[in-house]
Structure formats: structure tokens, C-alpha cells
Amino acid sequence: MSQSYNRGLIEDFGRWKEFSAGMWAWIFHKFTGWMLIGYLFTHIAVLSSAIAAANGETMMLAGEQVNAYTGTIQGLEGLFIVRILEVGLLAVAVFHILNGIRLLMVDLGIGLTAQDKSFYASLVLTGAITVASVPTFLSGVGL
Amino acid sequence: MSTQQQEPESQESPQDPEMKGTESPQQRRLREKQEGMVEDQAEKETEVEGETVHLKVFRYDPEVADKQEPRFDDFHVPFEKGMTVLDAVMYARDEFDSSLTFRHSCRQAVCGSDAFFVNGKQRLGCKTQISDLQQPVRIEPLPHQEVVKDLVVDMDHFYDQMHAVEPYFQNDDTPDSSDLEEQRQSRENREKVKMSTRCIWCGACMSSCNIAAGDNEYLGPAAINKAYKFAMDDREPEDVKEHRLRILEQEHGVWRCQTQFSCTDVCPKDIPLTEHIQELKREAVKKNLKFW
Ligand code: HEM
Ligand code: SF4
Ligand code: FES
């Protein structure tokens, strides 16, 4: 047979507009899952300042002498960008949980014909919860 | 996407009202054919009278110098009520460019030879109405299969995967010849495997699956569905079913499936492929679960 033409893997990414609901759900689930793992590491780093605090270490925050743990947390929470990232973390976690429940249902063979609708429902719910959380996360912080 | 896209408003081909009744569709086709023959090959770029369908067809041929670089050719095909994508490319081939190559046979969604990538989705050419599609209609060979020429892809790998699941009935105990010479299946069991028997080996599902695209050894939805048909058949003995599950639960078997539902979305025979794969996953788990 004649040689044939292989269009390669790259064509898939160029076609993202044509991806179906289930494909987006899969991409988002991977992305959010790994974001959560990433957050876990930063979370451990921040919380480990409690060890320093337990050893009596202190730091200066807004002219006050506070222990290392309180200082780290309050310092971070005083940053606008950290508050924004927290909203993002909530969005990522909520989507992962909702879509995770959807995937567990799919694994059990429940509601397979509504799998696209349940994905859209996860997205909408995630959006709603995220928007509703904004006042809480952004209260008392200056730009 | 261009702004010129237009959706055909109705199935009815809006012809010149005065022409209606004076010319039968067949006469019109004959007339257009004659007109087409007078003009030369470059005709394919020019408009045909009446409503036309704008096709953009993938072209590639390693043996022809100016087709070695893949490209899209434009064809303007006269629209007819009930026209399918296959009808349209056949018209383009017969009237404009006889070198346009694609597989087809039954024209009624039975032989499975004309799965194309139409407007970004795997579809069966003969089962897809032009009137359901946005124009221009972009027709490409199935992705993730090597292109041999134009719309023809190499199906060997797909067939290899289909054969890998031993797609044939296995039961050594033939019924007593004095009794029945048939191996009868219960109505309920037949109903259970009914959808899985409909596969026409078109390869659309395999082409749509990006897991299969990344893992060449993955059995793929069609082969797993084929295995489902036999694994769920009550007439096969228990040890054969276990043997089937052993094939399916291998590294490149059912567990590769990430439930993206791409295959289920594109299957022209509406086989619930993901559902079947998920059921086999559960069967495989049940087989291995032991409570001591
Ligand atoms: C209620 C909470 C959660 C639920 C219901 C849930 C559900 C799931 C499910 C069902 C999967 C498998 C997806 C598949 O079938 O391919 C999964 C994957 C994953 N989850 Fe979660 N999950 C939860 C929380 C978390 C948390 C807190 C983390 C991180 C610390 C996390 C990280 C991941 C990762 C990394 C994956 C793998 C993604 C991949 O396929 O590469 N999940 N989750
Ligand atoms: S399962 Fe459906 S899409 Fe896949 S080869 Fe069979 S008929 Fe085609
Ligand atoms: S030509 Fe046979 S399935 Fe389309």
C-alpha cells in the first residue's frame, strides 16, 4: 500500500471548539484534581509555620509582635491576590466534588443518558456557589 | 468560522417557482449533468443554479505531486431534498472530480464503510442529512487513523482490535442432536445484548476517543462492545466468560476508558457504548472481589 499521511496529535488541540461535554468534564476534572494536589502542598507549607510558632518564634506584622503562625496567616489573608486565589480554590474544589459525584454515578451506571446535563449542572452550581462566596472571601481586604 | 455561514432554512429546495412542474428532478439532474460536461474541470469553483451545498473536502494523495500537501477543495453541489453527505460527495466525484476518493457501498447505514469527520464530528455519510448541517460542510477523513488517500483511512488497526476480543461464539457443548440443533437464547438475554449486536464496524467511535488516540493498544469502544455481546450471552459457559473478562481487564482494556462519552455521542447505531464498558468494568471487579 502507498505511504499514508498521519495528521499527528496536534490536530486534537486545534479542535477544542468541537469537544463534547464529556471531554470537557474529563479535562476539567483532571485539571481541578491536580490543582487540589498543588494546593495541598502550599497548604502544608503555610500550616507548618505553626511549628515555628510552637518553638516561640515571632514576627512583626503591622507594627505588632505576633507569633509566626498568626503572622503568616494574617499576612497572607491581608493580600488581595490571596483572597482571589481562595475564590479560585473554592471554585476548583466545588467543581471537582460535584463532577466527582457525577463520575461516581457514571461508574455505577446511574443516569448515563443525562451525563451531559449533569456536567452542565455541575458547572452552573459551581458558578453559583463561587459567586455567592465572593462577599465572604473578599470582606475586609484592601486592594 | 466565516460569517457567510448559512443554515438551509428548509428541506425543500427553493427552486424557481416557474420551473416547478415543468421539469422533473431527474430531468433537472440530466440537464445539469450535460451542462457540467460542457464546462471543464475548473467548473467546480463556480456556482450551479438553484440552491447549492458548499462542501470543503479534504484532499491528499501521496502519489500525486500536487496532492502530497494536504488541502481542502471546494465543491458547490446542487441541493436536493433528502440529500445526505454521501450523496453530496458522490455528486462532486461524478460531476466535478473523478479522482475524489472515499469508501461507500450500501448507502443505508449497514456496511459501515463511509464514516467521515463532518463539521467536526464523526458521522456516517449516508446517514447524515445535509439539511442538518451548517455550511460550508467540512468533510475530512476520520481522525486518528492514517489517511491513505482523500477520505480513505487505514482501518487495519481498528480491525486488529476488533479481532483481539475473539468476536465469535464459544461453546463446546453442542445441544443434543436428538433434541434441538439450535443454541437458543432466551428473549430476555437477547434483549440485553440487542444494542451491542448493531455494530457495523464503521470505526467512528474509535476515531472519536482521545484515549484510543493516545494509547494505540487500547482495545477501543467497538471491540469492547463486541466483547460485551459475547460476555453477556448466557449460552456461553462460565469459564469462557471469565476468559473474556481476563482479556478485557488487561492494562489496555476497559480500565483505559475515562467515560468521556465521545464514542456514545458519535455511534451511528446509537449503541450505548460507555454504558457497556462501565458494566464490564463492574463485572471485572465482581469477578476479582473475594470475601474471605
Ligand atoms: C468530595 C471530594 C472529592 C470527590 C467526590 C472526588 C472524586 C474524584 C473521582 C471520582 C475521581 C476519578 C476520576 C476518574 O474517574 O477518572 C477523582 C480524581 C482525582 N481527584 Fe478527586 N475527589 C474529591 C476530592 C479530591 C481532593 C481533595 C483532591 C486533592 C487533594 C483530589 C484530587 C484528585 C486527583 C489528583 C484526581 C486524579 C485526576 C486524574 O485523573 O489525573 N480529589 N476525584
Ligand atoms: S460501535 Fe458504533 S461507532 Fe463504533 S464501530 Fe460500531 S457502529 Fe461504528
Ligand atoms: S455506505 Fe454503507 S454505511 Fe454508509
# chains A, B, ... in the order shown; residues from 1 in each chain; ligands from 1
$ residues_near_ligand --ligand "ligand 1" --cutoff "8 Å" --atoms "only C-alpha atoms and all ligand atoms" --output "list in words"
Trp26, His29, Lys30, Phe31, Thr32, Gly33, Trp34, Met35, Leu36, Ile37, Gly38, Tyr39, Leu40, Ala93, His96, Ile97, Leu98, Asn99, Gly100, Ile101, Arg102, Leu103, Leu104 and Asp107 of chain A; Gln258 and Thr259 of chain B
$ residues_near_ligand --ligand "ligand 3" --cutoff "9 Å" --atoms "only C-alpha atoms and all ligand atoms" --output "PyMOL selection string"
chain B and resi 86+103-115+124-127+200+202
$ write_last_selection --atoms "N, CA and C atoms" --output "mmCIF file, in the first residue's frame"
data_model
loop_
_atom_site.group_PDB
_atom_site.id
_atom_site.type_symbol
_atom_site.label_atom_id
_atom_site.label_comp_id
_atom_site.auth_asym_id
_atom_site.auth_seq_id
_atom_site.Cartn_x
_atom_site.Cartn_y
_atom_site.Cartn_z
ATOM 1 N N LEU B 86 -23.113 11.671 1.901
ATOM 2 C CA LEU B 86 -22.581 10.743 0.905
ATOM 3 C C LEU B 86 -23.075 11.120 -0.493
ATOM 4 N N ARG B 103 -14.771 5.630 0.580
ATOM 5 C CA ARG B 103 -15.404 4.313 0.575
ATOM 6 C C ARG B 103 -16.908 4.467 0.767
ATOM 7 N N HIS B 104 -17.651 3.647 0.076
ATOM 8 C CA HIS B 104 -19.085 3.562 0.357
ATOM 9 C C HIS B 104 -19.600 2.316 -0.319
ATOM 10 N N SER B 105 -20.727 1.819 0.158
ATOM 11 C CA SER B 105 -21.290 0.660 -0.501
ATOM 12 C C SER B 105 -22.806 0.643 -0.375
ATOM 13 N N CYS B 106 -23.317 0.387 0.826
ATOM 14 C CA CYS B 106 -24.747 0.118 0.956
ATOM 15 C C CYS B 106 -25.622 1.363 0.849
ATOM 16 N N ARG B 107 -25.087 2.505 1.225
ATOM 17 C CA ARG B 107 -25.818 3.776 1.259
ATOM 18 C C ARG B 107 -27.017 3.741 2.206
ATOM 19 N N GLN B 108 -27.045 2.791 3.125
ATOM 20 C CA GLN B 108 -28.163 2.750 4.069
ATOM 21 C C GLN B 108 -27.718 2.369 5.479
ATOM 22 N N ALA B 109 -26.539 2.827 5.864
ATOM 23 C CA ALA B 109 -26.055 2.659 7.233
ATOM 24 C C ALA B 109 -25.970 1.204 7.666
ATOM 25 N N VAL B 110 -25.547 0.349 6.751
ATOM 26 C CA VAL B 110 -25.435 -1.066 7.082
ATOM 27 C C VAL B 110 -24.001 -1.568 6.933
ATOM 28 N N CYS B 111 -23.289 -1.083 5.921
ATOM 29 C CA CYS B 111 -21.968 -1.655 5.662
ATOM 30 C C CYS B 111 -20.871 -1.001 6.494
ATOM 31 N N GLY B 112 -21.099 0.201 6.960
ATOM 32 C CA GLY B 112 -20.127 0.852 7.827
ATOM 33 C C GLY B 112 -18.878 1.335 7.129
ATOM 34 N N SER B 113 -18.947 1.596 5.835
ATOM 35 C CA SER B 113 -17.708 1.981 5.151
ATOM 36 C C SER B 113 -17.547 3.484 4.969
ATOM 37 N N ASP B 114 -18.575 4.284 5.264
ATOM 38 C CA ASP B 114 -18.431 5.697 4.948
ATOM 39 C C ASP B 114 -18.504 6.618 6.170
ATOM 40 N N ALA B 115 -17.797 6.243 7.225
ATOM 41 C CA ALA B 115 -17.694 7.161 8.361
ATOM 42 C C ALA B 115 -16.677 8.242 8.015
ATOM 43 N N LEU B 124 -21.721 9.086 9.879
ATOM 44 C CA LEU B 124 -21.849 8.207 8.734
ATOM 45 C C LEU B 124 -22.372 9.052 7.571
ATOM 46 N N GLY B 125 -21.623 9.076 6.466
ATOM 47 C CA GLY B 125 -22.006 9.930 5.347
ATOM 48 C C GLY B 125 -23.426 9.688 4.868
ATOM 49 N N CYS B 126 -23.806 8.403 4.784
ATOM 50 C CA CYS B 126 -25.109 8.082 4.206
ATOM 51 C C CYS B 126 -26.245 8.276 5.200
ATOM 52 N N LYS B 127 -25.925 8.593 6.453
ATOM 53 C CA LYS B 127 -26.978 8.729 7.463
ATOM 54 C C LYS B 127 -27.065 10.173 7.953
ATOM 55 N N ILE B 200 -21.705 -1.846 13.144
ATOM 56 C CA ILE B 200 -21.409 -2.054 11.726
ATOM 57 C C ILE B 200 -19.927 -1.821 11.409
ATOM 58 N N CYS B 202 -17.846 0.654 11.744
ATOM 59 C CA CYS B 202 -17.528 1.844 10.956
ATOM 60 C C CYS B 202 -16.293 2.560 11.492
#
$ atom_distance --atom1 "atom CA of A:Ala114" --atom2 "atom CA of B:Gln278"
15.1 Å
$ select_by_dssp --residues "stretch 54-134 of chain A" --states "helix (DSSP H, G or I)" --output "short mmCIF file (atom, residue, chain, number, x, y, z; two decimals) with N, CA, C and O atoms, in the first residue's frame"
data_model
loop_
_atom_site.label_atom_id
_atom_site.label_comp_id
_atom_site.auth_asym_id
_atom_site.auth_seq_id
_atom_site.Cartn_x
_atom_site.Cartn_y
_atom_site.Cartn_z
N ALA A 54 5.25 27.26 67.65
CA ALA A 54 5.36 26.44 68.85
C ALA A 54 6.75 26.53 69.46
O ALA A 54 6.94 26.38 70.67
N ALA A 68 4.68 33.37 64.92
CA ALA A 68 4.96 33.12 63.49
C ALA A 68 3.74 32.63 62.74
O ALA A 68 3.50 33.01 61.58
N TYR A 69 2.92 31.79 63.39
CA TYR A 69 1.74 31.23 62.71
C TYR A 69 0.72 32.32 62.43
O TYR A 69 0.29 32.52 61.29
N THR A 70 0.34 33.06 63.49
CA THR A 70 -0.63 34.14 63.32
C THR A 70 -0.15 35.15 62.29
O THR A 70 -0.91 35.60 61.42
N GLY A 71 1.12 35.47 62.36
CA GLY A 71 1.69 36.44 61.43
C GLY A 71 1.59 35.98 59.99
O GLY A 71 1.21 36.75 59.09
N THR A 72 1.94 34.71 59.76
CA THR A 72 1.89 34.18 58.39
C THR A 72 0.47 34.22 57.85
O THR A 72 0.21 34.71 56.74
N ILE A 73 -0.47 33.69 58.65
CA ILE A 73 -1.86 33.62 58.19
C ILE A 73 -2.40 35.03 57.96
O ILE A 73 -2.95 35.31 56.89
N GLN A 74 -2.23 35.88 58.94
CA GLN A 74 -2.80 37.23 58.79
C GLN A 74 -2.12 37.99 57.67
O GLN A 74 -2.77 38.74 56.93
N GLY A 75 -0.82 37.79 57.52
CA GLY A 75 -0.11 38.45 56.43
C GLY A 75 -0.66 38.03 55.08
O GLY A 75 -0.93 38.86 54.20
N LEU A 76 -0.88 36.72 54.90
CA LEU A 76 -1.41 36.21 53.63
C LEU A 76 -2.82 36.70 53.39
O LEU A 76 -3.17 37.15 52.30
N GLU A 77 -3.63 36.61 54.47
CA GLU A 77 -5.04 36.99 54.31
C GLU A 77 -5.20 38.48 54.05
O GLU A 77 -6.23 38.92 53.57
N PHE A 80 -4.76 41.00 48.73
CA PHE A 80 -5.92 40.86 47.84
C PHE A 80 -5.79 39.63 46.95
O PHE A 80 -6.74 38.86 46.78
N ILE A 81 -4.59 39.43 46.41
CA ILE A 81 -4.38 38.32 45.47
C ILE A 81 -4.67 36.97 46.15
O ILE A 81 -5.21 36.05 45.54
N VAL A 82 -4.34 36.86 47.44
CA VAL A 82 -4.60 35.61 48.15
C VAL A 82 -6.10 35.36 48.26
O VAL A 82 -6.58 34.24 48.07
N ARG A 83 -6.87 36.45 48.51
CA ARG A 83 -8.33 36.31 48.58
C ARG A 83 -8.89 35.83 47.23
O ARG A 83 -9.78 34.99 47.18
N ILE A 84 -8.35 36.40 46.16
CA ILE A 84 -8.80 35.98 44.81
C ILE A 84 -8.48 34.50 44.60
O ILE A 84 -9.30 33.71 44.12
N LEU A 85 -7.27 34.11 44.99
CA LEU A 85 -6.87 32.71 44.83
C LEU A 85 -7.78 31.79 45.64
O LEU A 85 -8.07 30.68 45.24
N GLU A 86 -8.22 32.29 46.80
CA GLU A 86 -9.11 31.46 47.61
C GLU A 86 -10.45 31.23 46.93
O GLU A 86 -11.00 30.13 46.98
N VAL A 87 -10.96 32.28 46.27
CA VAL A 87 -12.19 32.10 45.49
C VAL A 87 -11.96 31.06 44.41
O VAL A 87 -12.77 30.16 44.19
N GLY A 88 -10.81 31.15 43.75
CA GLY A 88 -10.45 30.18 42.72
C GLY A 88 -10.37 28.78 43.28
O GLY A 88 -10.88 27.82 42.67
N LEU A 89 -9.78 28.64 44.46
CA LEU A 89 -9.66 27.32 45.09
C LEU A 89 -11.03 26.75 45.38
O LEU A 89 -11.29 25.57 45.13
N LEU A 90 -11.93 27.61 45.88
CA LEU A 90 -13.28 27.13 46.16
C LEU A 90 -13.94 26.63 44.88
O LEU A 90 -14.51 25.54 44.84
N ALA A 91 -13.80 27.41 43.80
CA ALA A 91 -14.41 27.03 42.53
C ALA A 91 -13.87 25.67 42.08
O ALA A 91 -14.63 24.78 41.69
N VAL A 92 -12.56 25.52 42.16
CA VAL A 92 -11.92 24.29 41.73
C VAL A 92 -12.40 23.11 42.59
O VAL A 92 -12.76 22.05 42.07
N ALA A 93 -12.45 23.32 43.90
CA ALA A 93 -12.86 22.22 44.80
C ALA A 93 -14.32 21.86 44.58
O ALA A 93 -14.67 20.68 44.50
N VAL A 94 -15.18 22.89 44.46
CA VAL A 94 -16.61 22.60 44.27
C VAL A 94 -16.84 21.85 42.97
O VAL A 94 -17.55 20.85 42.93
N PHE A 95 -16.20 22.31 41.90
CA PHE A 95 -16.39 21.60 40.63
C PHE A 95 -15.90 20.16 40.76
O PHE A 95 -16.56 19.22 40.32
N HIS A 96 -14.73 19.96 41.38
CA HIS A 96 -14.17 18.61 41.48
C HIS A 96 -15.10 17.70 42.27
O HIS A 96 -15.31 16.55 41.91
N ILE A 97 -15.68 18.23 43.33
CA ILE A 97 -16.58 17.41 44.16
C ILE A 97 -17.86 17.09 43.38
O ILE A 97 -18.27 15.92 43.30
N LEU A 98 -18.47 18.11 42.78
CA LEU A 98 -19.73 17.88 42.06
C LEU A 98 -19.51 16.93 40.88
O LEU A 98 -20.25 15.97 40.69
N ASN A 99 -18.48 17.22 40.09
CA ASN A 99 -18.22 16.34 38.94
C ASN A 99 -17.74 14.97 39.43
O ASN A 99 -17.99 13.96 38.77
N GLY A 100 -17.07 14.93 40.57
CA GLY A 100 -16.65 13.65 41.14
C GLY A 100 -17.85 12.80 41.48
O GLY A 100 -17.87 11.59 41.22
N ILE A 101 -18.89 13.42 42.04
CA ILE A 101 -20.11 12.68 42.34
C ILE A 101 -20.74 12.20 41.03
O ILE A 101 -21.17 11.06 40.92
N ARG A 102 -20.71 13.08 40.02
CA ARG A 102 -21.23 12.69 38.70
C ARG A 102 -20.47 11.46 38.18
O ARG A 102 -21.08 10.51 37.68
N LEU A 103 -19.13 11.48 38.33
CA LEU A 103 -18.33 10.37 37.83
C LEU A 103 -18.63 9.09 38.61
O LEU A 103 -18.65 7.99 38.04
N LEU A 104 -18.85 9.22 39.90
CA LEU A 104 -19.17 8.03 40.69
C LEU A 104 -20.50 7.44 40.22
O LEU A 104 -20.65 6.21 40.12
N MET A 105 -21.47 8.31 39.91
CA MET A 105 -22.74 7.83 39.37
C MET A 105 -22.52 7.11 38.04
O MET A 105 -23.09 6.05 37.78
N VAL A 106 -21.67 7.71 37.20
CA VAL A 106 -21.38 7.08 35.91
C VAL A 106 -20.75 5.71 36.12
O VAL A 106 -21.06 4.75 35.42
N ASP A 107 -19.87 5.60 37.11
CA ASP A 107 -19.23 4.32 37.39
C ASP A 107 -20.26 3.28 37.84
O ASP A 107 -20.11 2.09 37.58
N LEU A 108 -21.29 3.76 38.53
CA LEU A 108 -22.32 2.83 38.98
C LEU A 108 -23.38 2.59 37.91
O LEU A 108 -24.31 1.81 38.11
N LEU A 112 -26.78 7.50 32.94
CA LEU A 112 -25.78 7.70 31.89
C LEU A 112 -26.29 8.57 30.75
O LEU A 112 -25.52 9.29 30.13
N THR A 113 -27.58 8.50 30.50
CA THR A 113 -28.09 9.29 29.37
C THR A 113 -28.14 10.77 29.70
O THR A 113 -28.26 11.60 28.81
N ALA A 114 -28.05 11.11 31.00
CA ALA A 114 -28.09 12.52 31.39
C ALA A 114 -26.70 13.02 31.74
O ALA A 114 -26.55 14.06 32.37
N GLN A 115 -25.66 12.31 31.29
CA GLN A 115 -24.31 12.67 31.72
C GLN A 115 -23.91 14.07 31.28
O GLN A 115 -23.20 14.76 32.00
N ASP A 116 -24.38 14.50 30.11
CA ASP A 116 -24.01 15.85 29.68
C ASP A 116 -24.74 16.89 30.53
O ASP A 116 -24.15 17.89 30.93
N LYS A 117 -26.01 16.61 30.82
CA LYS A 117 -26.77 17.57 31.63
C LYS A 117 -26.18 17.68 33.03
O LYS A 117 -26.09 18.77 33.60
N SER A 118 -25.75 16.55 33.60
CA SER A 118 -25.19 16.62 34.95
C SER A 118 -23.86 17.37 34.94
O SER A 118 -23.51 18.01 35.92
N PHE A 119 -23.14 17.31 33.81
CA PHE A 119 -21.91 18.11 33.72
C PHE A 119 -22.25 19.60 33.70
O PHE A 119 -21.64 20.39 34.43
N TYR A 120 -23.25 19.97 32.89
CA TYR A 120 -23.63 21.39 32.85
C TYR A 120 -24.14 21.83 34.21
O TYR A 120 -23.86 22.95 34.66
N ALA A 121 -24.90 20.94 34.88
CA ALA A 121 -25.40 21.27 36.21
C ALA A 121 -24.23 21.52 37.17
O ALA A 121 -24.25 22.48 37.95
N SER A 122 -23.18 20.67 37.08
CA SER A 122 -22.00 20.88 37.93
C SER A 122 -21.40 22.26 37.67
O SER A 122 -21.04 22.98 38.61
N LEU A 123 -21.31 22.61 36.40
CA LEU A 123 -20.71 23.91 36.05
C LEU A 123 -21.54 25.06 36.61
O LEU A 123 -20.99 25.98 37.23
N VAL A 124 -22.86 24.99 36.40
CA VAL A 124 -23.73 26.08 36.84
C VAL A 124 -23.69 26.21 38.35
O VAL A 124 -23.53 27.31 38.90
N LEU A 125 -23.80 25.07 39.05
CA LEU A 125 -23.76 25.09 40.51
C LEU A 125 -22.44 25.65 41.00
O LEU A 125 -22.40 26.44 41.95
N THR A 126 -21.35 25.21 40.36
CA THR A 126 -20.04 25.72 40.75
C THR A 126 -20.00 27.24 40.60
O THR A 126 -19.55 27.95 41.51
N GLY A 127 -20.50 27.72 39.47
CA GLY A 127 -20.52 29.16 39.24
C GLY A 127 -21.33 29.88 40.31
O GLY A 127 -20.87 30.88 40.89
N ALA A 128 -22.51 29.35 40.61
CA ALA A 128 -23.39 29.99 41.59
C ALA A 128 -22.74 30.03 42.97
O ALA A 128 -22.71 31.08 43.64
N ILE A 129 -22.18 28.90 43.39
CA ILE A 129 -21.55 28.84 44.71
C ILE A 129 -20.35 29.77 44.77
O ILE A 129 -20.12 30.47 45.76
N THR A 130 -19.60 29.80 43.68
CA THR A 130 -18.42 30.68 43.64
C THR A 130 -18.81 32.14 43.77
O THR A 130 -18.25 32.89 44.58
N VAL A 131 -19.81 32.55 42.99
CA VAL A 131 -20.26 33.95 43.05
C VAL A 131 -20.77 34.27 44.44
O VAL A 131 -20.43 35.30 45.02
N ALA A 132 -21.55 33.33 45.02
CA ALA A 132 -22.11 33.57 46.35
C ALA A 132 -21.02 33.70 47.40
O ALA A 132 -21.21 34.35 48.44
N SER A 133 -19.86 33.10 47.15
CA SER A 133 -18.80 33.09 48.16
C SER A 133 -17.97 34.37 48.12
O SER A 133 -17.21 34.65 49.04
N VAL A 134 -18.10 35.14 47.04
CA VAL A 134 -17.21 36.29 46.85
C VAL A 134 -17.28 37.29 48.03
O VAL A 134 -16.25 37.67 48.57
#
$ closest_residue --among "A:Ile44, A:Ile110, A:Val141, A:Leu79" --to "chain B" --atoms "only C-alpha atoms"
A:Ile110
$ atom_distance --atom1 "atom CA of B:His243" --atom2 "atom CA of B:Val165"
10.1 Å
$ residues_near_ligand --ligand "ligand 2" --cutoff "7 Å" --atoms "only C-alpha atoms and all ligand atoms" --output "list of chain:residue names"
B:Gly112, B:Arg198, B:Cys199, B:Ile200, B:Trp201, B:Cys202, B:Gly203, B:Ala204, B:Cys205, B:Met206, B:Pro221, B:Ala222, B:Asn225, B:Cys263, B:Val266, B:Cys267, B:Pro268, B:Lys269, B:Asp270, B:Ile271, B:Leu273
$ interface_residues --of "chain B" --to "chain A" --cutoff "8 Å" --atoms "only C-alpha atoms" --output "list in words"
Tyr60, Pro62, Glu63, Gly120, Lys121, Pro143, His144, Gln145, Glu146, Val147, Val148, Lys149, Ala213, Gln258, Thr259, Gln260, Phe261, Ser262, Glu275, Gln278, Glu279 and Arg282 of chain B
$ write_last_selection --atoms "N, CA, C and O atoms" --output "compact mmCIF listing (two decimals), in the first residue's frame"
# COMPACT_ATOMS: atom_id res chain seq x y z
N TYR B 60 -5.83 14.54 -0.25
CA TYR B 60 -4.44 14.16 -0.02
C TYR B 60 -4.18 12.89 -0.82
O TYR B 60 -5.00 11.97 -0.81
N PRO B 62 -0.56 10.71 -1.70
CA PRO B 62 0.91 10.70 -1.72
C PRO B 62 1.47 10.40 -3.10
O PRO B 62 2.66 10.61 -3.33
N GLU B 63 0.61 9.90 -4.00
CA GLU B 63 1.14 9.50 -5.30
C GLU B 63 0.97 10.58 -6.37
O GLU B 63 1.40 10.41 -7.50
N GLY B 120 -16.58 18.58 12.16
CA GLY B 120 -16.02 18.36 13.49
C GLY B 120 -16.59 17.21 14.26
O GLY B 120 -16.41 17.11 15.47
N LYS B 121 -17.31 16.31 13.61
CA LYS B 121 -17.87 15.16 14.32
C LYS B 121 -17.82 13.93 13.42
O LYS B 121 -18.02 14.04 12.21
N PRO B 143 -10.33 11.18 12.01
CA PRO B 143 -9.10 11.49 12.72
C PRO B 143 -8.53 10.25 13.42
O PRO B 143 -9.25 9.29 13.69
N HIS B 144 -7.26 10.31 13.72
CA HIS B 144 -6.55 9.26 14.45
C HIS B 144 -6.42 7.97 13.67
O HIS B 144 -6.12 6.94 14.24
N GLN B 145 -6.69 8.02 12.40
CA GLN B 145 -6.38 6.88 11.56
C GLN B 145 -5.54 7.45 10.42
O GLN B 145 -5.76 8.58 10.01
N GLU B 146 -4.63 6.65 9.94
CA GLU B 146 -3.76 7.17 8.89
C GLU B 146 -4.55 7.34 7.61
O GLU B 146 -5.35 6.49 7.23
N VAL B 147 -4.32 8.46 6.95
CA VAL B 147 -5.03 8.73 5.70
C VAL B 147 -4.28 8.06 4.56
O VAL B 147 -3.07 8.25 4.40
N VAL B 148 -4.99 7.27 3.78
CA VAL B 148 -4.38 6.64 2.63
C VAL B 148 -4.52 7.55 1.42
O VAL B 148 -3.57 7.81 0.69
N LYS B 149 -5.74 8.07 1.24
CA LYS B 149 -6.00 8.97 0.12
C LYS B 149 -7.33 9.67 0.36
O LYS B 149 -8.32 9.01 0.71
N ALA B 213 -6.68 7.52 20.94
CA ALA B 213 -5.70 8.27 20.14
C ALA B 213 -4.33 8.26 20.80
O ALA B 213 -3.31 8.19 20.14
N GLN B 258 -12.19 6.52 30.15
CA GLN B 258 -12.29 7.62 31.11
C GLN B 258 -13.69 8.25 31.07
O GLN B 258 -13.86 9.40 31.47
N THR B 259 -14.64 7.53 30.57
CA THR B 259 -16.05 7.96 30.48
C THR B 259 -16.22 9.37 29.93
O THR B 259 -16.90 10.20 30.51
N GLN B 260 -15.59 9.61 28.79
CA GLN B 260 -15.80 10.91 28.13
C GLN B 260 -17.04 10.90 27.24
O GLN B 260 -17.45 11.93 26.74
N PHE B 261 -17.60 9.73 27.00
CA PHE B 261 -18.83 9.57 26.21
C PHE B 261 -18.69 10.01 24.75
O PHE B 261 -19.69 10.16 24.06
N SER B 262 -17.46 10.23 24.27
CA SER B 262 -17.31 10.63 22.87
C SER B 262 -17.86 9.55 21.95
O SER B 262 -18.54 9.84 20.97
N GLU B 275 -21.99 2.84 28.49
CA GLU B 275 -22.74 2.02 29.43
C GLU B 275 -22.23 0.58 29.42
O GLU B 275 -22.03 -0.04 30.46
N GLN B 278 -18.78 0.42 31.07
CA GLN B 278 -18.90 0.55 32.52
C GLN B 278 -19.42 -0.75 33.14
O GLN B 278 -18.98 -1.16 34.21
N GLU B 279 -20.37 -1.39 32.47
CA GLU B 279 -20.91 -2.65 33.01
C GLU B 279 -19.83 -3.73 33.05
O GLU B 279 -19.73 -4.49 34.01
N ARG B 282 -17.58 -3.21 35.98
CA ARG B 282 -18.17 -3.73 37.22
C ARG B 282 -18.10 -5.25 37.26
O ARG B 282 -17.82 -5.85 38.29
$ select_by_dssp --residues "stretch 38-140 of chain B" --states "strand (DSSP E or B)" --output "PyMOL selection string"
chain B and resi 52-59+71-78+84+115-118+121-124+129+137-140
$ closest_residue --among "B:Asn288, B:Met83, B:Glu166, B:Asp265" --to "B:Lys229" --atoms "only C-alpha atoms"
B:Glu166
$ atom_distance --atom1 "atom CA of A:Met60" --atom2 "atom CA of A:Thr136"
26.6 Å
